[in-house]
file coords-v8.txt (compact mmCIF, N, CA and C atoms)
# COMPACT_ATOMS: atom_id res chain seq x y z
N MET E 29 0.86 -1.18 0.00
CA MET E 29 0.00 0.00 0.00
C MET E 29 0.90 1.23 0.00
N SER E 30 0.62 2.17 -0.89
CA SER E 30 1.47 3.36 -0.94
C SER E 30 1.24 4.23 0.29
N LYS E 31 2.20 5.06 0.57
CA LYS E 31 2.12 5.94 1.74
C LYS E 31 0.88 6.83 1.68
N ALA E 32 0.54 7.30 0.50
CA ALA E 32 -0.61 8.20 0.34
C ALA E 32 -1.93 7.51 0.63
N LEU E 33 -1.96 6.18 0.57
CA LEU E 33 -3.23 5.48 0.76
C LEU E 33 -3.36 4.85 2.14
N LYS E 34 -2.42 5.09 3.04
CA LYS E 34 -2.52 4.52 4.38
C LYS E 34 -3.68 5.18 5.11
N PRO E 35 -4.47 4.38 5.84
CA PRO E 35 -5.60 4.96 6.55
C PRO E 35 -5.14 5.89 7.66
N ARG E 36 -5.89 6.93 7.89
CA ARG E 36 -5.65 7.84 9.00
C ARG E 36 -6.59 7.47 10.13
N GLN E 37 -6.32 7.99 11.30
CA GLN E 37 -7.24 7.78 12.42
C GLN E 37 -8.54 8.54 12.14
N GLY E 38 -9.66 7.94 12.45
CA GLY E 38 -10.95 8.60 12.27
C GLY E 38 -11.34 8.70 10.81
N THR E 39 -12.50 9.31 10.58
CA THR E 39 -13.01 9.41 9.22
C THR E 39 -13.17 10.85 8.77
N ALA E 40 -12.92 11.82 9.64
CA ALA E 40 -13.16 13.22 9.29
C ALA E 40 -12.19 13.67 8.20
N ILE E 41 -12.70 14.52 7.32
CA ILE E 41 -11.86 15.16 6.32
C ILE E 41 -12.15 16.65 6.35
N THR E 42 -11.21 17.43 5.87
CA THR E 42 -11.39 18.89 5.85
C THR E 42 -12.36 19.26 4.74
N ALA E 43 -12.87 20.47 4.80
CA ALA E 43 -13.77 20.96 3.75
C ALA E 43 -13.05 20.97 2.40
N LYS E 44 -11.76 21.31 2.42
CA LYS E 44 -10.97 21.33 1.19
C LYS E 44 -10.83 19.91 0.62
N GLU E 45 -10.57 18.93 1.50
CA GLU E 45 -10.46 17.54 1.06
C GLU E 45 -11.80 17.02 0.51
N ARG E 46 -12.86 17.38 1.20
CA ARG E 46 -14.20 16.97 0.76
C ARG E 46 -14.49 17.51 -0.64
N LYS E 47 -14.20 18.80 -0.84
CA LYS E 47 -14.45 19.42 -2.13
C LYS E 47 -13.63 18.73 -3.22
N LYS E 48 -12.36 18.49 -2.93
CA LYS E 48 -11.47 17.84 -3.90
C LYS E 48 -11.95 16.43 -4.21
N PHE E 49 -12.31 15.67 -3.16
CA PHE E 49 -12.81 14.31 -3.36
C PHE E 49 -14.02 14.33 -4.30
N LEU E 50 -14.97 15.20 -4.02
CA LEU E 50 -16.19 15.25 -4.83
C LEU E 50 -15.91 15.70 -6.26
N GLU E 51 -14.97 16.62 -6.44
CA GLU E 51 -14.60 17.07 -7.79
C GLU E 51 -13.98 15.92 -8.59
N VAL E 52 -13.06 15.18 -7.96
CA VAL E 52 -12.42 14.07 -8.66
C VAL E 52 -13.43 12.96 -8.92
N LEU E 53 -14.31 12.71 -7.98
CA LEU E 53 -15.36 11.70 -8.19
C LEU E 53 -16.22 12.10 -9.38
N ARG E 54 -16.55 13.36 -9.48
CA ARG E 54 -17.39 13.85 -10.59
C ARG E 54 -16.70 13.65 -11.94
N THR E 55 -15.39 13.87 -12.00
CA THR E 55 -14.68 13.79 -13.27
C THR E 55 -14.22 12.38 -13.62
N THR E 56 -14.06 11.51 -12.63
CA THR E 56 -13.56 10.16 -12.90
C THR E 56 -14.60 9.08 -12.68
N PHE E 57 -15.61 9.36 -11.86
CA PHE E 57 -16.61 8.37 -11.45
C PHE E 57 -15.92 7.16 -10.84
N ASN E 58 -14.85 7.43 -10.05
CA ASN E 58 -14.05 6.37 -9.48
C ASN E 58 -13.67 6.75 -8.04
N VAL E 59 -14.23 6.03 -7.07
CA VAL E 59 -14.01 6.33 -5.66
C VAL E 59 -12.55 6.17 -5.28
N SER E 60 -11.88 5.15 -5.79
CA SER E 60 -10.47 4.94 -5.46
C SER E 60 -9.62 6.12 -5.90
N LYS E 61 -9.82 6.60 -7.12
CA LYS E 61 -9.05 7.74 -7.61
C LYS E 61 -9.37 9.00 -6.83
N ALA E 62 -10.62 9.20 -6.49
CA ALA E 62 -11.01 10.38 -5.73
C ALA E 62 -10.41 10.34 -4.33
N ALA E 63 -10.40 9.17 -3.71
CA ALA E 63 -9.80 9.02 -2.38
C ALA E 63 -8.30 9.25 -2.46
N GLU E 64 -7.67 8.69 -3.45
CA GLU E 64 -6.22 8.86 -3.63
C GLU E 64 -5.87 10.34 -3.83
N ALA E 65 -6.72 11.08 -4.49
CA ALA E 65 -6.46 12.50 -4.75
C ALA E 65 -6.34 13.32 -3.46
N ILE E 66 -6.96 12.82 -2.39
CA ILE E 66 -6.86 13.53 -1.11
C ILE E 66 -6.02 12.76 -0.10
N GLY E 67 -5.32 11.72 -0.58
CA GLY E 67 -4.43 10.96 0.30
C GLY E 67 -5.13 10.08 1.30
N ARG E 68 -6.32 9.62 0.94
CA ARG E 68 -7.09 8.73 1.82
C ARG E 68 -7.34 7.42 1.11
N ASN E 69 -7.80 6.42 1.87
CA ASN E 69 -8.19 5.18 1.21
C ASN E 69 -9.72 5.13 1.09
N ARG E 70 -10.19 4.25 0.23
CA ARG E 70 -11.64 4.14 -0.02
C ARG E 70 -12.41 3.83 1.25
N THR E 71 -11.86 2.95 2.06
CA THR E 71 -12.57 2.51 3.26
C THR E 71 -12.91 3.68 4.17
N SER E 72 -11.95 4.58 4.37
CA SER E 72 -12.22 5.72 5.25
C SER E 72 -13.30 6.62 4.66
N LEU E 73 -13.33 6.75 3.34
CA LEU E 73 -14.36 7.58 2.71
C LEU E 73 -15.73 6.93 2.80
N TYR E 74 -15.79 5.62 2.64
CA TYR E 74 -17.08 4.92 2.80
C TYR E 74 -17.57 5.01 4.24
N LYS E 75 -16.66 4.95 5.21
CA LYS E 75 -17.06 5.11 6.62
C LYS E 75 -17.60 6.50 6.85
N LEU E 76 -16.92 7.50 6.30
CA LEU E 76 -17.40 8.87 6.43
C LEU E 76 -18.78 9.02 5.78
N ARG E 77 -18.95 8.40 4.64
CA ARG E 77 -20.23 8.45 3.93
C ARG E 77 -21.36 7.92 4.82
N GLN E 78 -21.08 6.83 5.54
CA GLN E 78 -22.09 6.25 6.42
C GLN E 78 -22.43 7.16 7.60
N SER E 79 -21.46 7.92 8.06
CA SER E 79 -21.68 8.72 9.27
C SER E 79 -22.07 10.17 8.98
N ASP E 80 -22.00 10.61 7.75
CA ASP E 80 -22.27 12.01 7.41
C ASP E 80 -23.32 12.08 6.30
N PRO E 81 -24.59 12.27 6.67
CA PRO E 81 -25.67 12.29 5.67
C PRO E 81 -25.49 13.37 4.60
N GLU E 82 -24.94 14.50 4.96
CA GLU E 82 -24.74 15.58 3.98
C GLU E 82 -23.70 15.16 2.93
N PHE E 83 -22.61 14.55 3.40
CA PHE E 83 -21.57 14.06 2.50
C PHE E 83 -22.14 12.95 1.61
N ALA E 84 -22.92 12.06 2.21
CA ALA E 84 -23.54 10.96 1.46
C ALA E 84 -24.47 11.51 0.37
N ALA E 85 -25.23 12.55 0.70
CA ALA E 85 -26.15 13.14 -0.28
C ALA E 85 -25.37 13.78 -1.43
N ALA E 86 -24.28 14.47 -1.13
CA ALA E 86 -23.46 15.08 -2.18
C ALA E 86 -22.86 13.99 -3.07
N TRP E 87 -22.37 12.93 -2.45
CA TRP E 87 -21.79 11.79 -3.18
C TRP E 87 -22.85 11.17 -4.08
N ASP E 88 -24.04 10.92 -3.52
CA ASP E 88 -25.13 10.31 -4.29
C ASP E 88 -25.52 11.18 -5.48
N GLU E 89 -25.55 12.49 -5.28
CA GLU E 89 -25.92 13.40 -6.36
C GLU E 89 -24.90 13.31 -7.50
N ILE E 90 -23.64 13.23 -7.16
CA ILE E 90 -22.60 13.11 -8.19
C ILE E 90 -22.74 11.78 -8.92
N VAL E 91 -22.99 10.72 -8.20
CA VAL E 91 -23.19 9.41 -8.84
C VAL E 91 -24.37 9.48 -9.81
N GLU E 92 -25.45 10.11 -9.40
CA GLU E 92 -26.62 10.24 -10.28
C GLU E 92 -26.27 11.04 -11.53
N GLN E 93 -25.51 12.13 -11.37
CA GLN E 93 -25.10 12.93 -12.52
C GLN E 93 -24.22 12.12 -13.47
N CYS E 94 -23.30 11.35 -12.90
CA CYS E 94 -22.43 10.50 -13.73
C CYS E 94 -23.25 9.45 -14.48
N LEU E 95 -24.20 8.84 -13.79
CA LEU E 95 -25.04 7.84 -14.43
C LEU E 95 -25.91 8.46 -15.52
N ASP E 96 -26.38 9.68 -15.30
CA ASP E 96 -27.15 10.38 -16.34
C ASP E 96 -26.29 10.56 -17.59
N ALA E 97 -25.02 10.94 -17.39
CA ALA E 97 -24.11 11.14 -18.53
C ALA E 97 -23.87 9.83 -19.27
N VAL E 98 -23.65 8.75 -18.51
CA VAL E 98 -23.44 7.44 -19.13
C VAL E 98 -24.69 7.01 -19.88
N GLU E 99 -25.84 7.21 -19.26
CA GLU E 99 -27.10 6.83 -19.89
C GLU E 99 -27.28 7.58 -21.21
N GLN E 100 -26.92 8.85 -21.23
CA GLN E 100 -27.05 9.65 -22.46
C GLN E 100 -26.17 9.09 -23.57
N VAL E 101 -24.94 8.71 -23.23
CA VAL E 101 -24.03 8.13 -24.23
C VAL E 101 -24.58 6.80 -24.75
N VAL E 102 -25.09 5.97 -23.84
CA VAL E 102 -25.68 4.70 -24.26
C VAL E 102 -26.86 4.94 -25.18
N PHE E 103 -27.68 5.92 -24.85
CA PHE E 103 -28.84 6.26 -25.67
C PHE E 103 -28.40 6.72 -27.06
N GLU E 104 -27.41 7.61 -27.10
CA GLU E 104 -26.91 8.09 -28.40
C GLU E 104 -26.34 6.94 -29.22
N ASN E 105 -25.62 6.03 -28.57
CA ASN E 105 -25.08 4.87 -29.28
C ASN E 105 -26.19 3.95 -29.77
N ALA E 106 -27.26 3.83 -28.98
CA ALA E 106 -28.39 2.99 -29.40
C ALA E 106 -29.03 3.57 -30.66
N LEU E 107 -29.19 4.88 -30.70
CA LEU E 107 -29.77 5.51 -31.88
C LEU E 107 -28.88 5.32 -33.11
N ALA E 108 -27.58 5.22 -32.88
CA ALA E 108 -26.63 5.02 -33.97
C ALA E 108 -26.42 3.54 -34.28
N GLY E 109 -27.11 2.66 -33.56
CA GLY E 109 -26.99 1.23 -33.79
C GLY E 109 -25.72 0.62 -33.23
N LYS E 110 -25.13 1.27 -32.25
CA LYS E 110 -23.88 0.79 -31.65
C LYS E 110 -24.13 0.17 -30.28
N GLN E 111 -23.23 -0.67 -29.84
CA GLN E 111 -23.18 -1.25 -28.49
C GLN E 111 -24.50 -1.89 -28.05
N PRO E 112 -24.94 -2.93 -28.72
CA PRO E 112 -26.23 -3.55 -28.37
C PRO E 112 -26.29 -4.08 -26.95
N VAL E 113 -25.18 -4.54 -26.38
CA VAL E 113 -25.22 -5.07 -25.01
C VAL E 113 -25.58 -3.95 -24.04
N ASN E 114 -24.98 -2.78 -24.21
CA ASN E 114 -25.31 -1.64 -23.35
C ASN E 114 -26.77 -1.24 -23.52
N ASN E 115 -27.27 -1.32 -24.72
CA ASN E 115 -28.66 -0.95 -24.97
C ASN E 115 -29.60 -1.88 -24.23
N ILE E 116 -29.28 -3.17 -24.24
CA ILE E 116 -30.10 -4.15 -23.51
C ILE E 116 -30.07 -3.84 -22.02
N PHE E 117 -28.87 -3.56 -21.50
CA PHE E 117 -28.74 -3.23 -20.09
C PHE E 117 -29.59 -2.02 -19.74
N LEU E 118 -29.52 -0.98 -20.56
CA LEU E 118 -30.30 0.23 -20.31
C LEU E 118 -31.79 -0.08 -20.30
N LEU E 119 -32.25 -0.84 -21.26
CA LEU E 119 -33.67 -1.18 -21.30
C LEU E 119 -34.09 -2.02 -20.10
N ARG E 120 -33.25 -2.96 -19.69
CA ARG E 120 -33.59 -3.78 -18.52
C ARG E 120 -33.69 -2.94 -17.26
N HIS E 121 -32.86 -1.91 -17.18
CA HIS E 121 -32.88 -1.06 -15.99
C HIS E 121 -34.04 -0.06 -16.05
N ARG E 122 -34.16 0.66 -17.14
CA ARG E 122 -35.15 1.73 -17.22
C ARG E 122 -36.56 1.25 -17.55
N ARG E 123 -36.67 0.09 -18.17
CA ARG E 123 -37.97 -0.48 -18.50
C ARG E 123 -38.06 -1.90 -17.95
N ALA E 124 -37.74 -2.01 -16.65
CA ALA E 124 -37.71 -3.34 -16.01
C ALA E 124 -39.06 -4.04 -16.12
N HIS E 125 -40.13 -3.28 -16.13
CA HIS E 125 -41.45 -3.90 -16.21
C HIS E 125 -41.67 -4.63 -17.54
N ILE E 126 -40.89 -4.30 -18.55
CA ILE E 126 -40.99 -4.98 -19.84
C ILE E 126 -39.81 -5.92 -20.07
N TYR E 127 -38.59 -5.41 -19.83
CA TYR E 127 -37.39 -6.15 -20.19
C TYR E 127 -36.67 -6.78 -19.00
N GLY E 128 -37.14 -6.53 -17.80
CA GLY E 128 -36.45 -7.00 -16.61
C GLY E 128 -36.72 -8.45 -16.29
N GLU E 129 -36.20 -8.87 -15.14
CA GLU E 129 -36.41 -10.23 -14.68
C GLU E 129 -37.90 -10.46 -14.45
N LYS E 130 -38.32 -11.66 -14.66
CA LYS E 130 -39.75 -11.96 -14.57
C LYS E 130 -40.23 -12.19 -13.14
N VAL E 131 -39.38 -12.68 -12.27
CA VAL E 131 -39.77 -12.96 -10.89
C VAL E 131 -38.66 -12.46 -9.97
N THR E 132 -39.03 -11.79 -8.91
CA THR E 132 -38.08 -11.33 -7.90
C THR E 132 -38.28 -12.19 -6.67
N VAL E 133 -37.22 -12.75 -6.14
CA VAL E 133 -37.30 -13.57 -4.94
C VAL E 133 -36.60 -12.83 -3.81
N GLU E 134 -37.31 -12.64 -2.71
CA GLU E 134 -36.74 -12.00 -1.54
C GLU E 134 -36.82 -12.98 -0.38
N GLN E 135 -35.78 -13.05 0.41
CA GLN E 135 -35.78 -13.97 1.54
C GLN E 135 -35.60 -13.17 2.82
N ASP E 136 -36.65 -13.13 3.65
CA ASP E 136 -36.61 -12.41 4.92
C ASP E 136 -36.17 -13.31 6.06
N HIS E 137 -36.38 -14.58 5.92
CA HIS E 137 -36.08 -15.54 6.96
C HIS E 137 -35.53 -16.78 6.28
N PRO E 138 -34.53 -17.44 6.88
CA PRO E 138 -33.92 -18.60 6.22
C PRO E 138 -34.89 -19.69 5.79
N ARG E 139 -36.02 -19.82 6.47
CA ARG E 139 -36.96 -20.90 6.14
C ARG E 139 -38.16 -20.40 5.36
N GLU E 140 -38.20 -19.13 5.08
CA GLU E 140 -39.38 -18.56 4.42
C GLU E 140 -38.94 -17.85 3.16
N VAL E 141 -39.56 -18.18 2.04
CA VAL E 141 -39.23 -17.53 0.78
C VAL E 141 -40.43 -16.69 0.36
N VAL E 142 -40.17 -15.45 0.01
CA VAL E 142 -41.22 -14.56 -0.47
C VAL E 142 -40.99 -14.36 -1.96
N VAL E 143 -42.01 -14.60 -2.75
CA VAL E 143 -41.91 -14.42 -4.19
C VAL E 143 -42.78 -13.22 -4.56
N VAL E 144 -42.20 -12.28 -5.27
CA VAL E 144 -42.94 -11.10 -5.70
C VAL E 144 -43.24 -11.27 -7.18
N LEU E 145 -44.51 -11.27 -7.52
CA LEU E 145 -44.93 -11.38 -8.91
C LEU E 145 -45.33 -9.98 -9.38
N HIS E 146 -44.86 -9.59 -10.54
CA HIS E 146 -45.15 -8.27 -11.06
C HIS E 146 -46.20 -8.36 -12.17
N ARG E 147 -47.18 -7.53 -12.07
CA ARG E 147 -48.32 -7.53 -12.99
C ARG E 147 -47.89 -7.49 -14.45
N ALA E 148 -46.90 -6.65 -14.78
CA ALA E 148 -46.52 -6.48 -16.18
C ALA E 148 -45.89 -7.72 -16.78
N THR E 149 -45.37 -8.59 -15.94
CA THR E 149 -44.67 -9.76 -16.48
C THR E 149 -45.30 -11.07 -16.07
N ASP E 150 -46.40 -11.05 -15.34
CA ASP E 150 -47.01 -12.30 -14.92
C ASP E 150 -48.51 -12.28 -15.21
N PRO E 151 -48.94 -13.05 -16.18
CA PRO E 151 -50.36 -13.03 -16.57
C PRO E 151 -51.30 -13.58 -15.51
N ARG E 152 -50.77 -14.21 -14.45
CA ARG E 152 -51.62 -14.76 -13.40
C ARG E 152 -52.21 -13.68 -12.52
N LEU E 153 -51.69 -12.47 -12.60
CA LEU E 153 -52.18 -11.38 -11.76
C LEU E 153 -53.15 -10.52 -12.56
N GLY E 154 -54.13 -10.01 -11.86
CA GLY E 154 -55.12 -9.16 -12.51
C GLY E 154 -54.54 -7.81 -12.91
N PRO E 155 -55.24 -7.06 -13.73
CA PRO E 155 -54.74 -5.75 -14.16
C PRO E 155 -54.57 -4.82 -12.96
N GLY E 156 -53.47 -4.09 -12.96
CA GLY E 156 -53.22 -3.11 -11.91
C GLY E 156 -52.76 -3.69 -10.59
N ARG E 157 -52.40 -4.97 -10.55
CA ARG E 157 -52.02 -5.59 -9.28
C ARG E 157 -50.62 -6.16 -9.34
N ASP E 158 -49.87 -5.91 -8.30
CA ASP E 158 -48.65 -6.65 -8.01
C ASP E 158 -48.97 -7.44 -6.75
N ASP E 159 -48.40 -8.60 -6.60
CA ASP E 159 -48.71 -9.44 -5.46
C ASP E 159 -47.46 -10.01 -4.84
N VAL E 160 -47.53 -10.25 -3.55
CA VAL E 160 -46.52 -11.01 -2.84
C VAL E 160 -47.21 -12.27 -2.36
N VAL E 161 -46.65 -13.41 -2.70
CA VAL E 161 -47.27 -14.68 -2.33
C VAL E 161 -46.24 -15.57 -1.69
N ASP E 162 -46.69 -16.55 -0.91
CA ASP E 162 -45.73 -17.48 -0.32
C ASP E 162 -45.42 -18.60 -1.32
N ALA E 163 -44.38 -19.33 -1.04
CA ALA E 163 -43.90 -20.36 -1.96
C ALA E 163 -44.97 -21.41 -2.24
N GLU E 164 -45.78 -21.77 -1.24
CA GLU E 164 -46.82 -22.78 -1.45
C GLU E 164 -47.83 -22.31 -2.47
N LYS E 165 -48.23 -21.04 -2.39
CA LYS E 165 -49.20 -20.50 -3.34
C LYS E 165 -48.61 -20.50 -4.75
N VAL E 166 -47.35 -20.16 -4.88
CA VAL E 166 -46.71 -20.16 -6.20
C VAL E 166 -46.70 -21.57 -6.77
N GLU E 167 -46.37 -22.56 -5.93
CA GLU E 167 -46.36 -23.94 -6.41
C GLU E 167 -47.75 -24.34 -6.89
N SER E 168 -48.78 -23.99 -6.13
CA SER E 168 -50.13 -24.38 -6.53
C SER E 168 -50.56 -23.64 -7.79
N VAL E 169 -50.16 -22.40 -7.95
CA VAL E 169 -50.50 -21.65 -9.15
C VAL E 169 -49.75 -22.23 -10.35
N ASP E 170 -48.48 -22.59 -10.14
CA ASP E 170 -47.68 -23.14 -11.24
C ASP E 170 -48.24 -24.47 -11.73
N LYS E 171 -48.91 -25.23 -10.88
CA LYS E 171 -49.43 -26.54 -11.26
C LYS E 171 -50.73 -26.42 -12.07
N GLU E 172 -51.34 -25.25 -12.02
CA GLU E 172 -52.62 -25.06 -12.73
C GLU E 172 -52.44 -25.04 -14.22

call {"tool": "encode", "arguments": {"input": "coords-v8.txt", "output": "structure tokens"}}
result
Amino acid sequence: MSKALKPRQGTAITAKERKKFLEVLRTTFNVSKAAEAIGRNRTSLYKLRQSDPEFAAAWDEIVEQCLDAVEQVVFENALAGKQPVNNIFLLRHRRAHIYGEKVTVEQDHPREVVVVLHRATDPRLGPGRDDVVDAEKVESVDKE
């Protein structure tokens, strides 16, 4: 580990370091590079993010701006017929109700499985309804 990346005690950073970190994050979209720019490691910045809601909000806003820029490039490439894999990814994310996964499985307890069926992708549900059902109900519906 380089000297510049050794962790410091605590997670606090100066206002100048915070500004620099956020600027580098905005231009690189890379937490490691942004942390290195202020002589910190990623771990200390993630800890600070957890403990400082204002810093977390600024970080999140930059991430959203970066993702907007990436999404725009993917969109422009899609219109030009380029990068079909990225186009599929974009559609799965932004139009999940059409192109996304058909069933979402959530597990709240090791012995209990919750299956979420989405109206747009499951004809077993009535119009305008999303449902959460237990595994037994899914099995009985699947057998019909």

call {"tool": "closest_residue", "arguments": {"input": "coords-v8.txt", "among": "E:Arg120, E:Arg68, E:Arg54, E:Lys110", "to": "E:Ala86", "atoms": "only C-alpha atoms"}}
result
E:Arg54

call {"tool": "residues_around", "arguments": {"input": "coords-v8.txt", "residues": "E:Ala63", "least_positions_apart": "6", "cutoff": "6.5 Å", "atoms": "all atoms listed in the file", "output": "PDB file with N, CA and C atoms, keeping the file's coordinate frame"}}
result
ATOM      1  N   PHE E  49     -12.310  15.670  -3.160  1.00  0.00           N
ATOM      2  CA  PHE E  49     -12.810  14.310  -3.360  1.00  0.00           C
ATOM      3  C   PHE E  49     -14.020  14.330  -4.300  1.00  0.00           C
ATOM      4  N   ASN E  69      -7.800   6.420   1.870  1.00  0.00           N
ATOM      5  CA  ASN E  69      -8.190   5.180   1.210  1.00  0.00           C
ATOM      6  C   ASN E  69      -9.720   5.130   1.090  1.00  0.00           C
ATOM      7  N   ARG E  70     -10.190   4.250   0.230  1.00  0.00           N
ATOM      8  CA  ARG E  70     -11.640   4.140  -0.020  1.00  0.00           C
ATOM      9  C   ARG E  70     -12.410   3.830   1.250  1.00  0.00           C
TER      10      ARG E  70
END

call {"tool": "atom_distance", "arguments": {"input": "coords-v8.txt", "atom1": "atom CA of E:Val101", "atom2": "atom CA of E:Ser60"}}
result
23.4 Å

call {"tool": "atom_distance", "arguments": {"input": "coords-v8.txt", "atom1": "atom CA of E:Ala40", "atom2": "atom CA of E:Asp80"}}
result
9.4 Å

call {"tool": "atom_distance", "arguments": {"input": "coords-v8.txt", "atom1": "atom CA of E:Gln78", "atom2": "atom CA of E:Ala97"}}
result
25.5 Å
